[in-house]
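Visitor: Supplied in C-alpha cells, the structure appears directly below.
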Amino acid sequence: MKSSGFSRLRQASSGKQDLQKIGLVWILFMVKDDWMTFWIKLFTLAMVGLGLAGCGRDEQLREARRNVVMVEVTSQTWDYRLPWNPGTVSSARGAGFVIEGKRILTNAHVISGARNITVQREADPRKYPGKVLHVAHDCDLALVEIEDSEFFKGTTVLPLGNIPELESVVSVYGFPIGGDRLSVTRGVVSRIDYNSYTHSGRESHLAIQIDAAINPGNSGGPVMQDDKVVGVAFQGFRGDVAQNVGYMIPTPVIRRFLKDVEDGHYDHYVDIAIRWMTLENHAMRKYLKRPDDGLGVVVTDIFSEGSSDGVLKNGDVLLSIDGHPIESDGSVRLEGQPVQMEEIVERKFAGDTVSLEVWRQEKLEKLSLTLRPAEMFSMYENLYEESPRYVLYGGLVFQPLTANLMAVLMGSADLRLRQTYSMFGQDQLYRETPEPVVLTSILPDPLNVYLRGLAGQVVREINGRKIRTLADVLPALEAGKERTVILFQGDQRPAVLKNRDVDKAMPRLMAQYGIAEVSRTELGNRRLAKGSFQKADSK
Amino acid sequence: MKNLIRLGTATLLMGSSLWAASIDESGGSLVRVRASIQPYDQFRPWQKKAPFGLNGTGVVLPGGKVLATAALVENRTEVGLERPGSAEKCAAEVEAIDYEANLALLRPTDTKFLQGFAGVKMGPTLRAGDTAQVWQLDKNGEMLRNQAEVLSAGVGRYPADEAGFLLYGVRVSLPKRDDSYTLPMMRDGMLVGMMMGYDRDSQEGTVIPVPMIEHFLKDALDGKYEGFPTLGVSWTSLRDPNLREEFRTPKSGGILLTRVNPRGTAGRAGLKEGDVLLSVDGFVLDEDGNYQDSLYGPTSVGNLIRTRPIVGSPAKFHLSRDGKEMDLTGTYDRRARDEIAIPTLQFDVAPRYVVIGGLVFQELTGAYLQEWGDKWSERAPQRLVQLFSFQQEMNLDPSKKVVFLSQVLPSSITMGYLQLSGLVLSKLNGQEINGLKSLAALADGAKDGNLVFEFTDNPERIVLDVAEVKTMGDKIGKDYGLPALRRL
C-alpha cells in the first residue's frame, strides 16, 4: 500500500507470490552434532585457506575474506493459530560483513526472531555471540554487534560504493548452500528498479537485479565492485520461477538505514501516502489546463493521517518535487537516472520536509509537507518483534487482523474477512477501525457448543461498545453484567454468553488447552492509526 | 410385462442393473434433445464464445411437450428433438425455463412430430432407500435402464440457485458417458425425477424430484411463468439457549431472522430483523428451521416456502417479537430475488455494454463475475465482488444498475487510461448514472467540450474530448472489429 501509480500496484501483486526470501538454510543437525562436524571441516578448510591467502592477487577478495562473516541464527517463529504458544525453534545461516564502527551489517530476515546469534569469520574458528543492535524490517537490514573485541582482530571495514552501472560486473560473497566456506559468484547488473521487499510484505524500495548466482545462505552478504560494497544480497526467485534473477539492496537504502540509526533508534520509512495517476492523456491535460509539456502527475487519492493529509488535494497536479521536475509517468531524474518520484521521499526521514510545486485550480502553488511514516498501513506489514496479541474469553479467541494472521487464515477466510483486509487501506477503513478484531477460533468447550460456526467473523461490538482495536476488547467484556453479547459485521447472529458460565469455564479451558495467560494485548513499539472515529469521540 | 420387469429389478438390485429395451417398451416417452450452445463472452460483450453441442434425454409429457433441464438448453442458439432409433428430427422452442429449478419445457415446432408418443405421467414422491431407474438412450436409440437407489431426499443446492430446493441424491451406475446428464428417473413407467448431475467416480447423481417438476409445470402451463417464490430473509438456528434468552423466545421452536429484505414476501408482510419465526402457514418450525413434512419428516423451511406455494398464494406467519407472539399475513412472491441491483442469475441474456471513445462500460451482473472462474471472488475486481456479494446489506437501490468501466481499448485518445478496469462509474459530466441507458444518453447528448467520467474509486475522474470521441469513436470500433459500439 505504498503510494504509487497503477502500474506498480499491479506489478507488485502479480510478482509477489513468486518472490521468495533466500538466505535461510535450515540446518538439520542438532546443535551438538553441528559443532562437531564443524570443527572437523574447519580444520581441513583452514589449511586450504592459508594457501590461498598467500596469493594476494586480488585486493577485493582479500578484503572480503577478512570482513565477510557467517551469521548463524536460532530463531523462534510464532504460530498465529496458537498465539499463546512461544512458537517453533529453527536454525538458519546467512552472511554479513564488517562496516565502520565495529558493526556487522546483515539482512533483517537473517536475524528476525533470533534467540541466539553466533558470528564467525573465516580466519577465526571461534563462534562469537552476536546481538542485534538495530533492525529495519521495512528495508530488510540489520546491524549486529559483538562484544568480544577479539573478533575484530584482523578485520578492516568494507566501504560503501554507489549505484553500479548496468551491465557492470559485480561479485557476491556469502555462505550459500553447497558448502561451508566463503563462496564467490560473479554476474552483471541486470536492472535497477523499484521492487517489493518481501520480508516486510508491503514495502517497495529501490532494488538492483543481478544475474550472479544467489542462493539460500547468501542473504546479508556483500555484493562488491572495485573493492567497494554496492549492495547486500537479499532476495530472489525460486528456481522454478526464474533463473539468474537475484536482488540486492543498493547503497542509497543502506546509507539511509545507517543514517537513521545514528540517533540510537530506527524510525520507519516515511511515505507521502497518496495515490496518483499518470498525466499522459491529452484530453485530461487540456481539462486540467496543462500544456503538452510531458510533465506532471495527478493526485487521485490522499490517505487520511498520512503526510499529505490536509496539504494536497485530489486533482492536484504535481509538477516538481524538491526542485526535480516530475515527468508525466511519475519519474524524476536523479543523478542522471530516471527513477520513480517516490525515491526523493525514500531518502528522507521522519520530520523532514519535501517541497512540491502543485498546479491547483489553474494556479501554481508551492507547498511543503512534513513526512511521517504511514502508520495506518502497518496492518500489512509482517510482524517479527511483536508477540501475537490475543484475548481469550470462554474459548473464544479474539485476535487483531494482521498480515501474519491473514497468512494463516487465507485459505479459510470468508469473503468479508478477506475484503476487510484487502480494502482496509484503499477504503481507509482505519478511520473507523484502526485494527479490526477477528474471532479467529473457538476452543471447543461445552460452554460454546452453539457458537462454533462464528469462527472467522469480524467483531463489531461487544456489550454495546464498538470494537476498534484489540485494546477495546477487554474493557468491553468487563462491561458486561450478567451476559456478554458480541455482534459481528454483516448479518451474522450475535454470540451470547453468560458471564457466570465463562468464569467457571476459564480455568478448565486454560488447563485443557495449555494456555498460561488470558490475554496479551501490549502493542510494543508499533503504532496504529488514530482513526478519525476516535478523534470525533474525544471532542 | 411391465410388472414383471419391475419385480425383476427389485429382486436383482444387487446384481447387474442394466436392461436394454426398445422404444415401444418405454411406451414412447423419451426423445433425444440436441442443443447447440453458444454462451456470451462477458469479457468481450460484443461477441459470443465458440459454440458447442449438448445432448440429453427429454421426457415427453401428455400433451406433446418435452421436459428437460434448463442447464441443457441455457445459452442455446438452437434446440432440436430427435426420435430415438431413427434420425427423424424436429426443431423445438423453449416454452418455459427456470434456471433456479433447472427445468425447461420444450415444444416441437412440428405438432405432428410427437404423434404416437403417449407421454409420461408423474409418479410418486420418493424417500431415501427407494429404488427407481435412470433411463439412458444409447447411440442406436436403444434404451438402457439403470437401477438407482435414492440415498437422500431433502433440501439441497441446485447449480444456479443460492438457497435450496428439494433434491434427491441417488446412486446409479450409468454405462454410457454423456455430455449432459439430463436423464429421466422412472418407476412403474412413470416419471419420478429428472437427473441433472452425475459424478462418474462416486457414481452419485442429483435428481430433481416430482414436486419440483409439478410446481414448474403448473406455473408454465398457465401461459405466464412466474417462478418459485422466496421469503427474502436470512435466518439462523435458535438451538443456543443463551440466544433464545436474549431474544425472549417461547420455550421451544422458531428461527431467528438476521436480515429481512423489505421488498420480499416476509418484509412486505411486516416481518423484521430480530423476529423469531415460529410457524409458516401453520407448519411449526423447530429450532433448526425444520417443519414436520408428512412424507420426509423434518424438512428445511426452504421447501415449505419455495416448493409448496406458488407466487400469489397467501402466506401466514406466526412469530415472536420482543417476547410477544403475533400473526402476520402476506402474499408469496419472488421480488426479493428479482428486484435487485445486480442480478445473480442471467442466462440467455446478452451482456449490455457501451463503448465511448474506447472506454468499455458494462452493467454489473453475476454472470460477469462468474466469468472470472471458480475463484471469481478472489480474482475479479474486489469492489465489484463487494457490491455484488453484499448488495443486500449495502441496501443498493434495485432501480439503479451498477455501471463499471470494464476495460479500455488502446487508441490515441485513451492513452494514459489503459490500465484502468473494474471501476464503478458514478457520474458523467456531473450527472448521476443509473444504468447504461442513462450513460449512453448523456454521452450522446454532449455536443462539445469534455466528457468527465467520475468513479467511486481511484482515480476519481478521467476525461475525454467530445469532439475526439465523435471523430475517433467509430474508428476505434472498426479497428477492433466491434460489430456495434453498444447493446443497451
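How things are named: the first chain in the C-alpha cells is A, the next is B, and so on; residues count from 1 in each chain; ligands count from 1 in the order shown.
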Tell me, counting only C-alpha atoms, for each residue of chain B within 8 Å of chain A, which pair of atoms is nearest and how far apart they are in Å to one decimal, in rows ordered by chain and increasing number, as CSV.

Guide:
residue,atom,partner,partner_atom,distance
B:Ser234,CA,A:Asp491,CA,7.7
B:Thr236,CA,A:Arg493,CA,6.7
B:Arg239,CA,A:Tyr450,CA,7.2
B:Asp240,CA,A:Tyr450,CA,5.5
B:Asn242,CA,A:Val496,CA,5.7
B:Leu243,CA,A:Val496,CA,5.9
B:Glu246,CA,A:Val496,CA,7.4
B:Thr258,CA,A:Asp491,CA,5.6
B:Arg259,CA,A:Asp491,CA,6.2
B:Ser377,CA,A:Leu415,CA,7.4
B:Gln382,CA,A:Gln419,CA,7.5
B:Gln386,CA,A:Gln419,CA,7.7
B:Glu393,CA,A:Gly490,CA,7.1
B:Ile413,CA,A:Asn281,CA,7.0
B:Thr414,CA,A:Asn281,CA,6.7
B:Met415,CA,A:Asn281,CA,5.1
B:Gly416,CA,A:Glu280,CA,4.7
B:Tyr417,CA,A:Asn281,CA,7.3
B:Gln419,CA,A:Phe6,CA,7.1
B:Asn450,CA,A:Tyr287,CA,7.5
B:Asn458,CA,A:Thr300,CA,6.0
B:Pro459,CA,A:Thr300,CA,5.0
B:Glu460,CA,A:Thr300,CA,6.0
B:Ile462,CA,A:Met284,CA,6.6
B:Val463,CA,A:Met284,CA,5.0
B:Leu464,CA,A:Ala283,CA,5.4
B:Asp465,CA,A:Ala283,CA,5.6

Visitor: Taking N, CA and C atoms for each residue, export the selection above as a compact mmCIF listing (two decimals), in the first residue's frame.

Guide:
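The resulting file, out_22.txt, is reproduced below:
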# COMPACT_ATOMS: atom_id res chain seq x y z
N SER B 234 -32.65 -13.80 5.79
CA SER B 234 -31.55 -14.63 6.27
C SER B 234 -31.92 -15.04 7.68
N THR B 236 -31.08 -17.77 11.29
CA THR B 236 -30.11 -18.60 11.99
C THR B 236 -30.85 -19.49 12.98
N ARG B 239 -31.02 -22.93 18.48
CA ARG B 239 -30.75 -24.02 19.43
C ARG B 239 -30.06 -23.48 20.69
N ASP B 240 -29.30 -22.42 20.52
CA ASP B 240 -28.48 -21.90 21.62
C ASP B 240 -29.38 -21.28 22.70
N ASN B 242 -28.72 -19.49 25.23
CA ASN B 242 -28.37 -18.10 25.54
C ASN B 242 -28.98 -17.14 24.53
N LEU B 243 -29.01 -17.58 23.26
CA LEU B 243 -29.57 -16.75 22.21
C LEU B 243 -31.09 -16.66 22.38
N GLU B 246 -31.78 -14.20 25.03
CA GLU B 246 -31.52 -12.86 24.57
C GLU B 246 -32.68 -12.32 23.73
N THR B 258 -32.11 -12.85 10.78
CA THR B 258 -30.98 -11.93 10.94
C THR B 258 -30.98 -10.83 9.89
N ARG B 259 -31.73 -11.04 8.80
CA ARG B 259 -31.91 -9.95 7.84
C ARG B 259 -33.21 -10.18 7.09
N SER B 377 -14.40 -14.76 -6.73
CA SER B 377 -14.47 -13.80 -5.62
C SER B 377 -13.08 -13.34 -5.18
N GLN B 382 -12.15 -6.34 -6.67
CA GLN B 382 -12.76 -6.52 -5.35
C GLN B 382 -13.95 -5.60 -5.09
N GLN B 386 -17.53 -6.97 -3.97
CA GLN B 386 -18.16 -6.45 -2.75
C GLN B 386 -19.59 -6.00 -3.03
N GLU B 393 -27.07 -6.04 2.24
CA GLU B 393 -26.79 -5.23 3.43
C GLU B 393 -26.34 -3.82 3.08
N ILE B 413 -6.68 8.37 -28.14
CA ILE B 413 -7.42 9.20 -27.18
C ILE B 413 -7.57 8.54 -25.81
N THR B 414 -7.20 7.25 -25.70
CA THR B 414 -7.29 6.61 -24.38
C THR B 414 -5.92 6.44 -23.74
N MET B 415 -4.91 7.08 -24.33
CA MET B 415 -3.58 6.98 -23.75
C MET B 415 -3.60 7.42 -22.28
N GLY B 416 -2.86 6.71 -21.47
CA GLY B 416 -2.81 7.06 -20.05
C GLY B 416 -3.92 6.43 -19.24
N TYR B 417 -4.90 5.81 -19.92
CA TYR B 417 -6.03 5.18 -19.20
C TYR B 417 -6.02 3.67 -19.34
N GLN B 419 -4.64 1.09 -18.20
CA GLN B 419 -4.64 0.09 -17.14
C GLN B 419 -5.86 0.17 -16.25
N ASN B 450 -15.98 18.51 -22.84
CA ASN B 450 -15.39 17.29 -22.31
C ASN B 450 -16.45 16.29 -21.86
N ASN B 458 -10.51 5.06 -7.05
CA ASN B 458 -9.34 5.72 -7.54
C ASN B 458 -9.03 5.28 -8.97
N PRO B 459 -8.85 6.11 -9.96
CA PRO B 459 -8.87 7.57 -9.89
C PRO B 459 -10.31 8.09 -9.85
N GLU B 460 -10.43 9.27 -9.31
CA GLU B 460 -11.74 9.86 -9.14
C GLU B 460 -12.37 10.24 -10.47
N ILE B 462 -11.67 10.74 -15.01
CA ILE B 462 -10.87 10.81 -16.23
C ILE B 462 -11.69 11.60 -17.25
N VAL B 463 -11.01 12.06 -18.29
CA VAL B 463 -11.64 12.99 -19.21
C VAL B 463 -11.39 12.56 -20.65
N LEU B 464 -12.43 12.65 -21.47
CA LEU B 464 -12.27 12.52 -22.93
C LEU B 464 -12.82 13.78 -23.57
N ASP B 465 -12.33 14.05 -24.76
CA ASP B 465 -12.78 15.22 -25.50
C ASP B 465 -13.95 14.80 -26.40

Visitor: Run DSSP on the backbone and give me the residues of segment 79-322 of chain B it puts in alpha helix (DSSP H), as a list in words.

Guide: Val210, Pro211, Met212, Ile213, Glu214, His215, Phe216, Leu217, Lys218, Asp219, Ala220, Pro241, Asn242, Leu243, Arg244, Glu245, Glu246, Thr265, Ala266, Gly267, Arg268, Ala269, Val301, Gly302, Asn303, Leu304, Ile305 and Arg306 of chain B

Visitor: Filtering to C-alpha atoms, could you give me those residues as a short mmCIF file (atom, residue, chain, number, x, y, z; two decimals), in the first residue's frame?

Guide:
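File produced: part.cif:
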data_model
loop_
_atom_site.label_atom_id
_atom_site.label_comp_id
_atom_site.auth_asym_id
_atom_site.auth_seq_id
_atom_site.Cartn_x
_atom_site.Cartn_y
_atom_site.Cartn_z
CA VAL B 210 -41.58 -34.66 -8.88
CA PRO B 211 -42.90 -31.95 -6.52
CA MET B 212 -40.46 -29.51 -8.15
CA ILE B 213 -41.46 -30.64 -11.65
CA GLU B 214 -45.15 -30.35 -10.82
CA HIS B 215 -44.66 -26.86 -9.43
CA PHE B 216 -42.80 -25.86 -12.56
CA LEU B 217 -45.37 -27.37 -14.93
CA LYS B 218 -48.32 -25.91 -13.07
CA ASP B 219 -46.73 -22.49 -13.39
CA ALA B 220 -45.63 -22.98 -17.01
CA PRO B 241 -30.31 -21.35 24.95
CA ASN B 242 -28.37 -18.10 25.54
CA LEU B 243 -29.57 -16.75 22.21
CA ARG B 244 -33.14 -17.79 22.99
CA GLU B 245 -32.99 -15.92 26.25
CA GLU B 246 -31.52 -12.86 24.57
CA THR B 265 -42.53 -11.83 0.93
CA ALA B 266 -41.60 -11.65 4.60
CA GLY B 267 -40.59 -8.00 4.58
CA ARG B 268 -43.82 -6.85 2.96
CA ALA B 269 -45.82 -8.96 5.39
CA VAL B 301 -38.25 -24.40 5.82
CA GLY B 302 -36.86 -23.75 2.32
CA ASN B 303 -39.07 -26.47 0.91
CA LEU B 304 -42.05 -25.16 2.80
CA ILE B 305 -41.86 -21.68 1.32
CA ARG B 306 -40.41 -22.31 -2.12
#

Visitor: If DSSP is run on the backbone, what residues of segment 139-285 of chain A are strand (DSSP E)? A reply as an MDAnalysis selection string would be ideal.

Guide: chainID A and resid 141:146 169:174 183:197 203:210 222:225 228:237 246:250 274:278

Visitor: Enter the distance from atom CA of Ala160 of chain B to atom CA of Gln147 of chain B, in Å, rounded to one decimal.

Guide: 27.6 Å

Visitor: Please provide the set of residues having any atom within 8 Å of segment 399-411 of chain B, restricted to only C-alpha atoms, with same-chain residues fewer than 5 positions apart removed, written as number ranges by chain.

Guide: B: 43, 339-342, 358-364, 417-426, 433-436, 476

Visitor: Quote the spacing between atom CA of Val150 of chain B and atom CA of Pro229 of chain B in Å to one decimal place.

Guide: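 These atoms are spaced 26.7 Å apart.
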
Visitor: Quick one, how far is atom CA of Asp138 of chain A from atom CA of Arg81 of chain A?

Guide: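 That distance, rounded to one decimal, is 24.3 Å.
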
Visitor: Name all residues at most 7 Å from Gly456 of chain A (count only C-alpha atoms; drop same-chain ones fewer than 5 positions away) and give them as a short mmCIF file (atom, residue, chain, number, x, y, z; two decimals) with N, CA and C atoms, in the first residue's frame.

Guide:
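To be explicit, this is the file written out as part35.cif:
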data_model
loop_
_atom_site.label_atom_id
_atom_site.label_comp_id
_atom_site.auth_asym_id
_atom_site.auth_seq_id
_atom_site.Cartn_x
_atom_site.Cartn_y
_atom_site.Cartn_z
N ALA A 413 -10.43 -18.01 5.21
CA ALA A 413 -11.12 -16.74 5.45
C ALA A 413 -12.30 -16.58 4.50
N VAL A 438 -10.79 -9.97 15.00
CA VAL A 438 -11.43 -11.16 14.43
C VAL A 438 -11.62 -12.21 15.52
N LEU A 439 -12.78 -12.83 15.53
CA LEU A 439 -12.97 -14.02 16.36
C LEU A 439 -12.35 -15.15 15.57
N THR A 440 -11.06 -15.44 15.85
CA THR A 440 -10.33 -16.32 14.93
C THR A 440 -10.68 -17.78 15.12
N SER A 441 -10.88 -18.21 16.38
CA SER A 441 -11.21 -19.61 16.57
C SER A 441 -11.97 -19.76 17.87
#

Visitor: Do you know which residues are at most 7 Å from Leu428 of chain B counting only C-alpha atoms, after dropping those on the same chain fewer than 5 positions away, and could you put them as an mmCIF file with N, CA and C atoms, in the first residue's frame?

Guide:
data_model
loop_
_atom_site.group_PDB
_atom_site.id
_atom_site.type_symbol
_atom_site.label_atom_id
_atom_site.label_comp_id
_atom_site.auth_asym_id
_atom_site.auth_seq_id
_atom_site.Cartn_x
_atom_site.Cartn_y
_atom_site.Cartn_z
ATOM 1 N N ILE B 433 -25.391 8.424 -12.841
ATOM 2 C CA ILE B 433 -25.593 7.333 -13.804
ATOM 3 C C ILE B 433 -26.426 6.236 -13.132
ATOM 4 N N LEU B 451 -16.039 15.031 -21.825
ATOM 5 C CA LEU B 451 -16.789 14.024 -21.089
ATOM 6 C C LEU B 451 -15.973 13.736 -19.831
ATOM 7 N N VAL B 452 -16.504 14.133 -18.688
ATOM 8 C CA VAL B 452 -15.786 13.909 -17.432
ATOM 9 C C VAL B 452 -16.436 12.720 -16.726
ATOM 10 N N PHE B 453 -15.711 11.628 -16.686
ATOM 11 C CA PHE B 453 -16.216 10.408 -16.046
ATOM 12 C C PHE B 453 -15.766 10.402 -14.590
ATOM 13 N N GLU B 454 -16.723 10.221 -13.682
ATOM 14 C CA GLU B 454 -16.352 10.152 -12.261
ATOM 15 C C GLU B 454 -16.584 8.753 -11.742
#

Visitor: Between B:Asn75, B:Met394, B:Met194, B:Gly53, which has the minimum distance to Ala367 of chain B (counting only C-alpha atoms)?

Guide: B:Asn75

Visitor: Need the shell around Leu141 of chain A: protein/DNA/RNA residues with any atom at most 10 Å away, counting only C-alpha atoms. Skip same-chain ones fewer than 6 positions apart. Format as a VMD selection string?

Guide: chain A and resid 105 to 111 134 to 135 199 220 232 234 249 253 to 254 257 to 258

Visitor: Can you pull out the residues contacting Ser180 of chain B? Cut-off 12 Å, using only C-alpha atoms, and skip same-chain residues under 5 positions away; I want them as a VMD selection string.

Guide: chain B and resid 32 to 35 53 to 58 68 to 74 136 195 to 199

Visitor: Would you write out those residues with N, CA and C atoms, as an mmCIF file, in the first residue's frame?

Guide:
data_model
loop_
_atom_site.group_PDB
_atom_site.id
_atom_site.type_symbol
_atom_site.label_atom_id
_atom_site.label_comp_id
_atom_site.auth_asym_id
_atom_site.auth_seq_id
_atom_site.Cartn_x
_atom_site.Cartn_y
_atom_site.Cartn_z
ATOM 1 N N ARG B 32 -34.533 -37.647 -27.777
ATOM 2 C CA ARG B 32 -33.220 -37.058 -27.579
ATOM 3 C C ARG B 32 -33.349 -35.548 -27.780
ATOM 4 N N VAL B 33 -32.688 -34.785 -26.898
ATOM 5 C CA VAL B 33 -32.683 -33.329 -27.053
ATOM 6 C C VAL B 33 -31.261 -32.923 -27.441
ATOM 7 N N ARG B 34 -31.159 -32.268 -28.609
ATOM 8 C CA ARG B 34 -29.832 -31.808 -29.045
ATOM 9 C C ARG B 34 -29.845 -30.281 -29.027
ATOM 10 N N ALA B 35 -28.979 -29.740 -28.221
ATOM 11 C CA ALA B 35 -28.946 -28.284 -28.126
ATOM 12 C C ALA B 35 -27.611 -27.798 -28.638
ATOM 13 N N GLY B 53 -22.062 -28.422 -28.788
ATOM 14 C CA GLY B 53 -23.343 -29.119 -28.735
ATOM 15 C C GLY B 53 -23.508 -29.887 -27.438
ATOM 16 N N LEU B 54 -24.746 -30.042 -26.985
ATOM 17 C CA LEU B 54 -25.049 -30.865 -25.815
ATOM 18 C C LEU B 54 -26.193 -31.808 -26.174
ATOM 19 N N ASN B 55 -26.079 -33.029 -25.694
ATOM 20 C CA ASN B 55 -27.152 -33.996 -25.876
ATOM 21 C C ASN B 55 -27.726 -34.382 -24.536
ATOM 22 N N GLY B 56 -29.032 -34.520 -24.481
ATOM 23 C CA GLY B 56 -29.650 -35.015 -23.268
ATOM 24 C C GLY B 56 -30.878 -35.807 -23.638
ATOM 25 N N THR B 57 -31.535 -36.319 -22.646
ATOM 26 C CA THR B 57 -32.741 -37.092 -22.888
ATOM 27 C C THR B 57 -33.923 -36.340 -22.309
ATOM 28 N N GLY B 58 -34.894 -36.037 -23.151
ATOM 29 C CA GLY B 58 -36.080 -35.321 -22.697
ATOM 30 C C GLY B 58 -37.227 -36.288 -22.483
ATOM 31 N N ALA B 68 -37.086 -31.033 -19.981
ATOM 32 C CA ALA B 68 -35.628 -31.231 -19.925
ATOM 33 C C ALA B 68 -35.081 -30.342 -18.809
ATOM 34 N N THR B 69 -33.784 -30.400 -18.598
ATOM 35 C CA THR B 69 -33.217 -29.481 -17.609
ATOM 36 C C THR B 69 -32.923 -28.145 -18.294
ATOM 37 N N ALA B 70 -32.887 -27.089 -17.489
ATOM 38 C CA ALA B 70 -32.562 -25.766 -18.029
ATOM 39 C C ALA B 70 -31.093 -25.715 -18.446
ATOM 40 N N ALA B 71 -30.243 -26.426 -17.691
ATOM 41 C CA ALA B 71 -28.802 -26.404 -17.987
ATOM 42 C C ALA B 71 -28.516 -26.937 -19.385
ATOM 43 N N LEU B 72 -29.374 -27.865 -19.855
ATOM 44 C CA LEU B 72 -29.170 -28.445 -21.185
ATOM 45 C C LEU B 72 -29.367 -27.411 -22.289
ATOM 46 N N VAL B 73 -30.236 -26.457 -22.052
ATOM 47 C CA VAL B 73 -30.573 -25.523 -23.134
ATOM 48 C C VAL B 73 -30.184 -24.083 -22.837
ATOM 49 N N GLU B 74 -29.433 -23.857 -21.724
ATOM 50 C CA GLU B 74 -29.095 -22.472 -21.440
ATOM 51 C C GLU B 74 -28.065 -21.951 -22.452
ATOM 52 N N GLN B 136 -31.400 -44.138 -20.003
ATOM 53 C CA GLN B 136 -30.414 -43.500 -20.869
ATOM 54 C C GLN B 136 -30.585 -44.063 -22.277
ATOM 55 N N MET B 195 -32.868 -36.374 -13.654
ATOM 56 C CA MET B 195 -31.471 -36.281 -13.223
ATOM 57 C C MET B 195 -30.833 -35.038 -13.841
ATOM 58 N N MET B 196 -30.054 -34.308 -13.047
ATOM 59 C CA MET B 196 -29.416 -33.096 -13.588
ATOM 60 C C MET B 196 -27.906 -33.080 -13.400
ATOM 61 N N GLY B 197 -27.377 -34.030 -12.653
ATOM 62 C CA GLY B 197 -25.933 -34.040 -12.458
ATOM 63 C C GLY B 197 -25.484 -35.433 -12.064
ATOM 64 N N TYR B 198 -24.248 -35.766 -12.422
ATOM 65 C CA TYR B 198 -23.759 -37.112 -12.140
ATOM 66 C C TYR B 198 -22.249 -37.085 -12.029
ATOM 67 N N ASP B 199 -21.733 -37.766 -11.043
ATOM 68 C CA ASP B 199 -20.295 -37.857 -10.867
ATOM 69 C C ASP B 199 -19.881 -39.302 -11.138
#
